[in-house]
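Dumped my_file.cif below, it's mmCIF, N, CA and C atoms:
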data_model
#
loop_
_atom_site.label_atom_id
_atom_site.label_comp_id
_atom_site.auth_asym_id
_atom_site.auth_seq_id
_atom_site.Cartn_x
_atom_site.Cartn_y
_atom_site.Cartn_z
N MET A 1 -28.73 -33.92 5.15
CA MET A 1 -29.27 -32.68 4.62
C MET A 1 -28.98 -31.51 5.55
N LEU A 2 -29.18 -31.73 6.85
CA LEU A 2 -28.92 -30.68 7.83
C LEU A 2 -27.45 -30.27 7.81
N LYS A 3 -26.57 -31.26 7.65
CA LYS A 3 -25.14 -30.97 7.59
C LYS A 3 -24.83 -30.07 6.39
N GLN A 4 -25.44 -30.32 5.26
CA GLN A 4 -25.22 -29.51 4.06
C GLN A 4 -25.72 -28.08 4.26
N ILE A 5 -26.83 -27.93 4.93
CA ILE A 5 -27.37 -26.60 5.21
C ILE A 5 -26.43 -25.82 6.12
N VAL A 6 -25.93 -26.50 7.15
CA VAL A 6 -24.99 -25.85 8.08
C VAL A 6 -23.72 -25.41 7.34
N VAL A 7 -23.17 -26.27 6.50
CA VAL A 7 -21.98 -25.94 5.72
C VAL A 7 -22.27 -24.75 4.80
N PHE A 8 -23.41 -24.76 4.15
CA PHE A 8 -23.79 -23.64 3.27
C PHE A 8 -23.86 -22.34 4.05
N ILE A 9 -24.49 -22.37 5.21
CA ILE A 9 -24.64 -21.15 6.03
C ILE A 9 -23.26 -20.64 6.46
N ILE A 10 -22.37 -21.52 6.87
CA ILE A 10 -21.02 -21.11 7.28
C ILE A 10 -20.29 -20.46 6.11
N ILE A 11 -20.34 -21.09 4.95
CA ILE A 11 -19.66 -20.53 3.77
C ILE A 11 -20.29 -19.20 3.38
N PHE A 12 -21.61 -19.13 3.40
CA PHE A 12 -22.30 -17.89 3.02
C PHE A 12 -21.90 -16.74 3.93
N PHE A 13 -21.95 -16.95 5.24
CA PHE A 13 -21.61 -15.87 6.17
C PHE A 13 -20.12 -15.55 6.15
N SER A 14 -19.27 -16.53 5.91
CA SER A 14 -17.84 -16.25 5.77
C SER A 14 -17.58 -15.35 4.58
N ALA A 15 -18.22 -15.64 3.46
CA ALA A 15 -18.06 -14.81 2.27
C ALA A 15 -18.62 -13.41 2.51
N SER A 16 -19.73 -13.31 3.23
CA SER A 16 -20.31 -12.00 3.51
C SER A 16 -19.40 -11.17 4.40
N VAL A 17 -18.80 -11.78 5.40
CA VAL A 17 -17.88 -11.06 6.28
C VAL A 17 -16.70 -10.56 5.48
N TYR A 18 -16.13 -11.40 4.62
CA TYR A 18 -14.99 -10.99 3.81
C TYR A 18 -15.36 -9.84 2.88
N SER A 19 -16.53 -9.88 2.30
CA SER A 19 -16.91 -8.81 1.37
C SER A 19 -17.11 -7.50 2.11
N ASP A 20 -17.54 -7.56 3.37
CA ASP A 20 -17.68 -6.32 4.15
C ASP A 20 -16.32 -5.72 4.47
N VAL A 21 -15.34 -6.58 4.76
CA VAL A 21 -14.01 -6.11 5.10
C VAL A 21 -13.29 -5.63 3.85
N GLY A 22 -13.42 -6.35 2.78
CA GLY A 22 -12.77 -5.98 1.53
C GLY A 22 -11.35 -6.50 1.47
N SER A 23 -10.75 -6.30 0.34
CA SER A 23 -9.38 -6.71 0.13
C SER A 23 -8.43 -5.65 0.67
N PRO A 24 -7.28 -6.06 1.23
CA PRO A 24 -6.33 -5.07 1.71
C PRO A 24 -5.53 -4.42 0.58
N TRP A 25 -5.71 -4.89 -0.65
CA TRP A 25 -4.95 -4.35 -1.78
C TRP A 25 -5.69 -3.18 -2.42
N SER A 26 -4.92 -2.14 -2.76
CA SER A 26 -5.45 -0.99 -3.51
C SER A 26 -4.47 -0.66 -4.61
N ILE A 27 -4.91 0.19 -5.52
CA ILE A 27 -4.05 0.58 -6.64
C ILE A 27 -4.28 2.06 -6.95
N ASP A 28 -3.21 2.74 -7.31
CA ASP A 28 -3.26 4.13 -7.75
C ASP A 28 -2.52 4.26 -9.06
N MET A 29 -2.85 5.29 -9.80
CA MET A 29 -2.16 5.56 -11.06
C MET A 29 -1.92 7.06 -11.16
N VAL A 30 -0.74 7.43 -11.66
CA VAL A 30 -0.45 8.83 -11.91
C VAL A 30 0.00 8.98 -13.35
N ALA A 31 -0.32 10.14 -13.93
CA ALA A 31 0.09 10.46 -15.30
C ALA A 31 1.29 11.39 -15.25
N LEU A 32 2.29 11.09 -16.06
CA LEU A 32 3.46 11.95 -16.16
C LEU A 32 3.26 12.93 -17.32
N ASN A 33 4.04 13.99 -17.33
CA ASN A 33 3.88 15.02 -18.37
C ASN A 33 4.23 14.55 -19.78
N ASN A 34 4.92 13.41 -19.90
CA ASN A 34 5.30 12.91 -21.23
C ASN A 34 4.26 11.92 -21.77
N GLY A 35 3.12 11.79 -21.09
CA GLY A 35 2.06 10.89 -21.55
C GLY A 35 2.13 9.49 -20.97
N GLU A 36 3.22 9.16 -20.27
CA GLU A 36 3.33 7.85 -19.63
C GLU A 36 2.55 7.85 -18.32
N THR A 37 2.29 6.66 -17.82
CA THR A 37 1.64 6.51 -16.51
C THR A 37 2.47 5.58 -15.64
N ARG A 38 2.29 5.71 -14.34
CA ARG A 38 2.88 4.77 -13.38
C ARG A 38 1.74 4.23 -12.54
N HIS A 39 1.80 2.94 -12.28
CA HIS A 39 0.76 2.26 -11.53
C HIS A 39 1.38 1.72 -10.24
N ILE A 40 0.72 1.95 -9.13
CA ILE A 40 1.24 1.55 -7.83
C ILE A 40 0.17 0.71 -7.13
N LYS A 41 0.53 -0.52 -6.75
CA LYS A 41 -0.40 -1.34 -5.98
C LYS A 41 0.22 -1.55 -4.60
N TYR A 42 -0.64 -1.55 -3.59
CA TYR A 42 -0.12 -1.64 -2.23
C TYR A 42 -1.10 -2.36 -1.32
N ASN A 43 -0.53 -2.96 -0.28
CA ASN A 43 -1.31 -3.68 0.71
C ASN A 43 -1.42 -2.78 1.94
N GLU A 44 -2.63 -2.41 2.30
CA GLU A 44 -2.86 -1.46 3.39
C GLU A 44 -2.60 -2.05 4.77
N ILE A 45 -2.36 -3.36 4.86
CA ILE A 45 -2.08 -4.00 6.14
C ILE A 45 -0.59 -4.34 6.28
N THR A 46 0.00 -4.90 5.25
CA THR A 46 1.41 -5.30 5.32
C THR A 46 2.35 -4.18 4.89
N GLY A 47 1.85 -3.19 4.15
CA GLY A 47 2.71 -2.13 3.63
C GLY A 47 3.44 -2.50 2.36
N GLU A 48 3.29 -3.75 1.91
CA GLU A 48 3.95 -4.21 0.68
C GLU A 48 3.49 -3.36 -0.50
N THR A 49 4.46 -2.97 -1.34
CA THR A 49 4.15 -2.04 -2.43
C THR A 49 4.89 -2.45 -3.71
N TRP A 50 4.20 -2.31 -4.84
CA TRP A 50 4.76 -2.61 -6.15
C TRP A 50 4.44 -1.45 -7.08
N TRP A 51 5.30 -1.21 -8.08
CA TRP A 51 5.00 -0.21 -9.11
C TRP A 51 5.26 -0.84 -10.47
N SER A 52 4.58 -0.33 -11.48
CA SER A 52 4.76 -0.93 -12.81
C SER A 52 5.14 0.12 -13.84
N LYS A 53 5.91 -0.36 -14.78
CA LYS A 53 6.28 0.41 -15.97
C LYS A 53 6.36 -0.62 -17.10
N ASN A 54 5.72 -0.32 -18.20
CA ASN A 54 5.74 -1.22 -19.36
C ASN A 54 5.23 -2.62 -19.01
N LEU A 55 4.15 -2.68 -18.23
CA LEU A 55 3.46 -3.92 -17.90
C LEU A 55 4.29 -4.90 -17.06
N VAL A 56 5.27 -4.38 -16.31
CA VAL A 56 6.07 -5.22 -15.43
C VAL A 56 5.99 -4.65 -14.01
N TRP A 57 5.58 -5.50 -13.04
CA TRP A 57 5.52 -5.06 -11.64
C TRP A 57 6.89 -5.20 -11.01
N LYS A 58 7.31 -4.15 -10.29
CA LYS A 58 8.59 -4.14 -9.56
C LYS A 58 8.30 -3.83 -8.10
N LYS A 59 8.81 -4.67 -7.22
CA LYS A 59 8.56 -4.48 -5.79
C LYS A 59 9.39 -3.32 -5.26
N ILE A 60 8.77 -2.47 -4.43
CA ILE A 60 9.52 -1.44 -3.72
C ILE A 60 10.10 -2.13 -2.49
N ILE A 61 11.40 -2.13 -2.38
CA ILE A 61 12.14 -2.89 -1.38
C ILE A 61 12.03 -2.22 -0.01
N GLU A 62 11.90 -3.03 1.03
CA GLU A 62 11.90 -2.54 2.41
C GLU A 62 13.35 -2.36 2.87
N SER A 63 13.68 -1.22 3.45
CA SER A 63 15.02 -1.01 3.98
C SER A 63 15.21 -1.76 5.29
N GLU A 64 14.11 -2.07 5.96
CA GLU A 64 14.10 -2.89 7.18
C GLU A 64 12.71 -3.49 7.32
N PRO A 65 12.59 -4.59 8.04
CA PRO A 65 11.27 -5.21 8.19
C PRO A 65 10.27 -4.26 8.86
N ILE A 66 9.01 -4.34 8.44
CA ILE A 66 7.95 -3.55 9.07
C ILE A 66 6.86 -4.50 9.54
N SER A 67 6.07 -4.04 10.49
CA SER A 67 5.01 -4.86 11.07
C SER A 67 3.70 -4.64 10.33
N ASN A 68 2.80 -5.60 10.47
CA ASN A 68 1.44 -5.39 9.99
C ASN A 68 0.85 -4.24 10.79
N SER A 69 0.12 -3.37 10.12
CA SER A 69 -0.47 -2.20 10.76
C SER A 69 -1.59 -1.70 9.85
N ILE A 70 -1.80 -0.41 9.85
CA ILE A 70 -2.74 0.23 8.92
C ILE A 70 -1.92 1.30 8.19
N TYR A 71 -1.69 1.07 6.91
CA TYR A 71 -0.86 1.96 6.12
C TYR A 71 -1.70 2.76 5.14
N GLU A 72 -1.28 4.00 4.94
CA GLU A 72 -1.90 4.87 3.94
C GLU A 72 -0.81 5.31 2.98
N PHE A 73 -1.18 5.47 1.71
CA PHE A 73 -0.22 5.81 0.67
C PHE A 73 -0.70 7.04 -0.09
N LYS A 74 0.24 7.89 -0.46
CA LYS A 74 -0.04 9.04 -1.32
C LYS A 74 0.90 8.94 -2.51
N VAL A 75 0.36 9.04 -3.70
CA VAL A 75 1.15 8.97 -4.93
C VAL A 75 0.85 10.21 -5.74
N VAL A 76 1.90 10.91 -6.17
CA VAL A 76 1.71 12.13 -6.97
C VAL A 76 2.69 12.15 -8.14
N SER A 77 2.28 12.84 -9.17
CA SER A 77 3.15 13.10 -10.31
C SER A 77 3.83 14.44 -10.08
N THR A 78 5.11 14.50 -10.40
CA THR A 78 5.86 15.75 -10.28
C THR A 78 6.44 16.15 -11.63
N GLY A 79 5.66 16.02 -12.65
CA GLY A 79 6.13 16.33 -14.01
C GLY A 79 6.51 15.06 -14.72
N LEU A 80 7.81 14.83 -14.88
CA LEU A 80 8.28 13.61 -15.54
C LEU A 80 8.59 12.50 -14.54
N ASN A 81 8.38 12.77 -13.27
CA ASN A 81 8.65 11.80 -12.20
C ASN A 81 7.40 11.59 -11.36
N TRP A 82 7.49 10.68 -10.42
CA TRP A 82 6.40 10.44 -9.48
C TRP A 82 6.99 10.18 -8.11
N ARG A 83 6.21 10.42 -7.10
CA ARG A 83 6.63 10.23 -5.71
C ARG A 83 5.57 9.43 -4.96
N THR A 84 6.02 8.62 -4.02
CA THR A 84 5.11 7.87 -3.16
C THR A 84 5.57 8.03 -1.71
N ILE A 85 4.62 8.30 -0.83
CA ILE A 85 4.86 8.38 0.61
C ILE A 85 3.95 7.34 1.26
N ARG A 86 4.48 6.65 2.27
CA ARG A 86 3.69 5.67 3.04
C ARG A 86 3.75 6.08 4.50
N ILE A 87 2.60 6.02 5.18
CA ILE A 87 2.56 6.31 6.61
C ILE A 87 1.89 5.17 7.35
N ASP A 88 2.47 4.81 8.48
CA ASP A 88 1.85 3.86 9.40
C ASP A 88 0.88 4.69 10.24
N LYS A 89 -0.41 4.49 10.04
CA LYS A 89 -1.42 5.32 10.69
C LYS A 89 -1.51 5.09 12.19
N LEU A 90 -0.94 4.00 12.70
CA LEU A 90 -0.97 3.76 14.14
C LEU A 90 0.24 4.37 14.85
N SER A 91 1.42 4.31 14.22
CA SER A 91 2.63 4.83 14.88
C SER A 91 3.03 6.22 14.39
N GLY A 92 2.58 6.61 13.19
CA GLY A 92 2.98 7.89 12.63
C GLY A 92 4.26 7.84 11.83
N GLN A 93 4.96 6.70 11.83
CA GLN A 93 6.19 6.57 11.05
C GLN A 93 5.88 6.68 9.56
N ALA A 94 6.73 7.40 8.83
CA ALA A 94 6.51 7.59 7.39
C ALA A 94 7.76 7.21 6.62
N TRP A 95 7.57 6.84 5.35
CA TRP A 95 8.65 6.46 4.45
C TRP A 95 8.42 7.13 3.11
N LYS A 96 9.52 7.40 2.41
CA LYS A 96 9.49 7.92 1.04
C LYS A 96 10.10 6.87 0.12
N ASN A 97 9.47 6.65 -1.02
CA ASN A 97 10.06 5.76 -2.01
C ASN A 97 11.24 6.49 -2.64
N SER A 98 12.42 5.94 -2.46
CA SER A 98 13.62 6.54 -3.02
C SER A 98 14.33 5.52 -3.89
N LYS A 99 14.20 5.68 -5.19
CA LYS A 99 14.86 4.79 -6.16
C LYS A 99 14.51 3.32 -5.94
N GLY A 100 13.22 3.06 -5.66
CA GLY A 100 12.76 1.69 -5.54
C GLY A 100 12.94 1.06 -4.17
N THR A 101 13.32 1.86 -3.17
CA THR A 101 13.48 1.37 -1.79
C THR A 101 12.78 2.34 -0.85
N TRP A 102 12.10 1.81 0.17
CA TRP A 102 11.48 2.67 1.16
C TRP A 102 12.55 3.24 2.07
N ALA A 103 12.61 4.57 2.18
CA ALA A 103 13.54 5.27 3.06
C ALA A 103 12.74 5.90 4.19
N LYS A 104 13.11 5.56 5.43
CA LYS A 104 12.40 6.07 6.60
C LYS A 104 12.61 7.58 6.71
N ILE A 105 11.52 8.30 6.97
CA ILE A 105 11.60 9.74 7.21
C ILE A 105 11.71 9.92 8.72
N ASN A 106 12.84 10.43 9.15
CA ASN A 106 13.09 10.59 10.58
C ASN A 106 12.43 11.84 11.11
N PRO A 107 11.97 11.80 12.36
CA PRO A 107 11.35 13.00 12.94
C PRO A 107 12.40 14.10 13.09
N ALA A 108 11.94 15.34 13.05
CA ALA A 108 12.85 16.48 13.20
C ALA A 108 13.46 16.44 14.59
N SER A 109 14.73 16.78 14.66
CA SER A 109 15.38 16.84 15.98
C SER A 109 15.00 18.14 16.66
N LYS A 110 14.95 18.11 17.97
CA LYS A 110 14.60 19.31 18.73
C LYS A 110 15.85 20.18 18.84
N THR A 111 15.70 21.44 18.53
CA THR A 111 16.80 22.39 18.65
C THR A 111 16.38 23.54 19.54
N ARG A 112 17.36 24.14 20.20
CA ARG A 112 17.07 25.29 21.06
C ARG A 112 16.91 26.52 20.20
N GLN A 113 15.95 27.34 20.56
CA GLN A 113 15.73 28.58 19.81
C GLN A 113 15.95 29.77 20.68
#

As structure tokens, please, write out the structure in this file.
Amino acid sequence: MLKQIVVFIIIFFSASVYSDVGSPWSIDMVALNNGETRHIKYNEITGETWWSKNLVWKKIIESEPISNSIYEFKVVSTGLNWRTIRIDKLSGQAWKNSKGTWAKINPASKTRQ
């Protein structure tokens, strides 16, 4: 009986900890001017991102491997199109979704003025 109580307590507190942390997955939706919508789901830890059109999820391809971190995403409608930007909140590196692939946004080069 004591063993069952201990197992129950472990499972209960494990579930409580997970619910406090939450899932790393989020979803956004934008409306286009033609009445269509685009849905974007993303993992805030791995940076993995998918978008859907006509009930089919398509993965946004990584141009190079990325590390687990803390990622933030912004999704906007620009009329008949949509744009997504991803930023690594720890390093500051950002990417733009370009035709289904993440393209790294390079920092501005320093120029003499």

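Going from atom CA of A:Ala31 over to atom C of A:Asn106, you cover 29.2 Å.
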
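Here the question is which of A:Gly79, A:Thr49, A:Pro65, A:Lys74 gets nearest to A:Thr37 using only C-alpha atoms, and that residue is A:Gly79.
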
Which polymer residues have any atom within 7 Å of an atom of A:Tyr42, counting only C-alpha atoms, with same-chain residues fewer than 5 positions away left out, as a ChimeraX atom specification?
-> /A:25-27,47-50

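What separates atom CA of A:Ile40 from atom CA of A:Asp28 is a distance of 5.2 Å.
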
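Proximity of A:Asp88, A:Ile105, A:Val30, A:Ser52 to A:Ile70, computed with all atoms listed in the file, is greatest for A:Asp88.
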
Among the residues A:Asn43, A:Ser63, A:Asn34, A:Ser77, the one that comes closest to A:Lys96 [using only C-alpha atoms] = A:Ser63
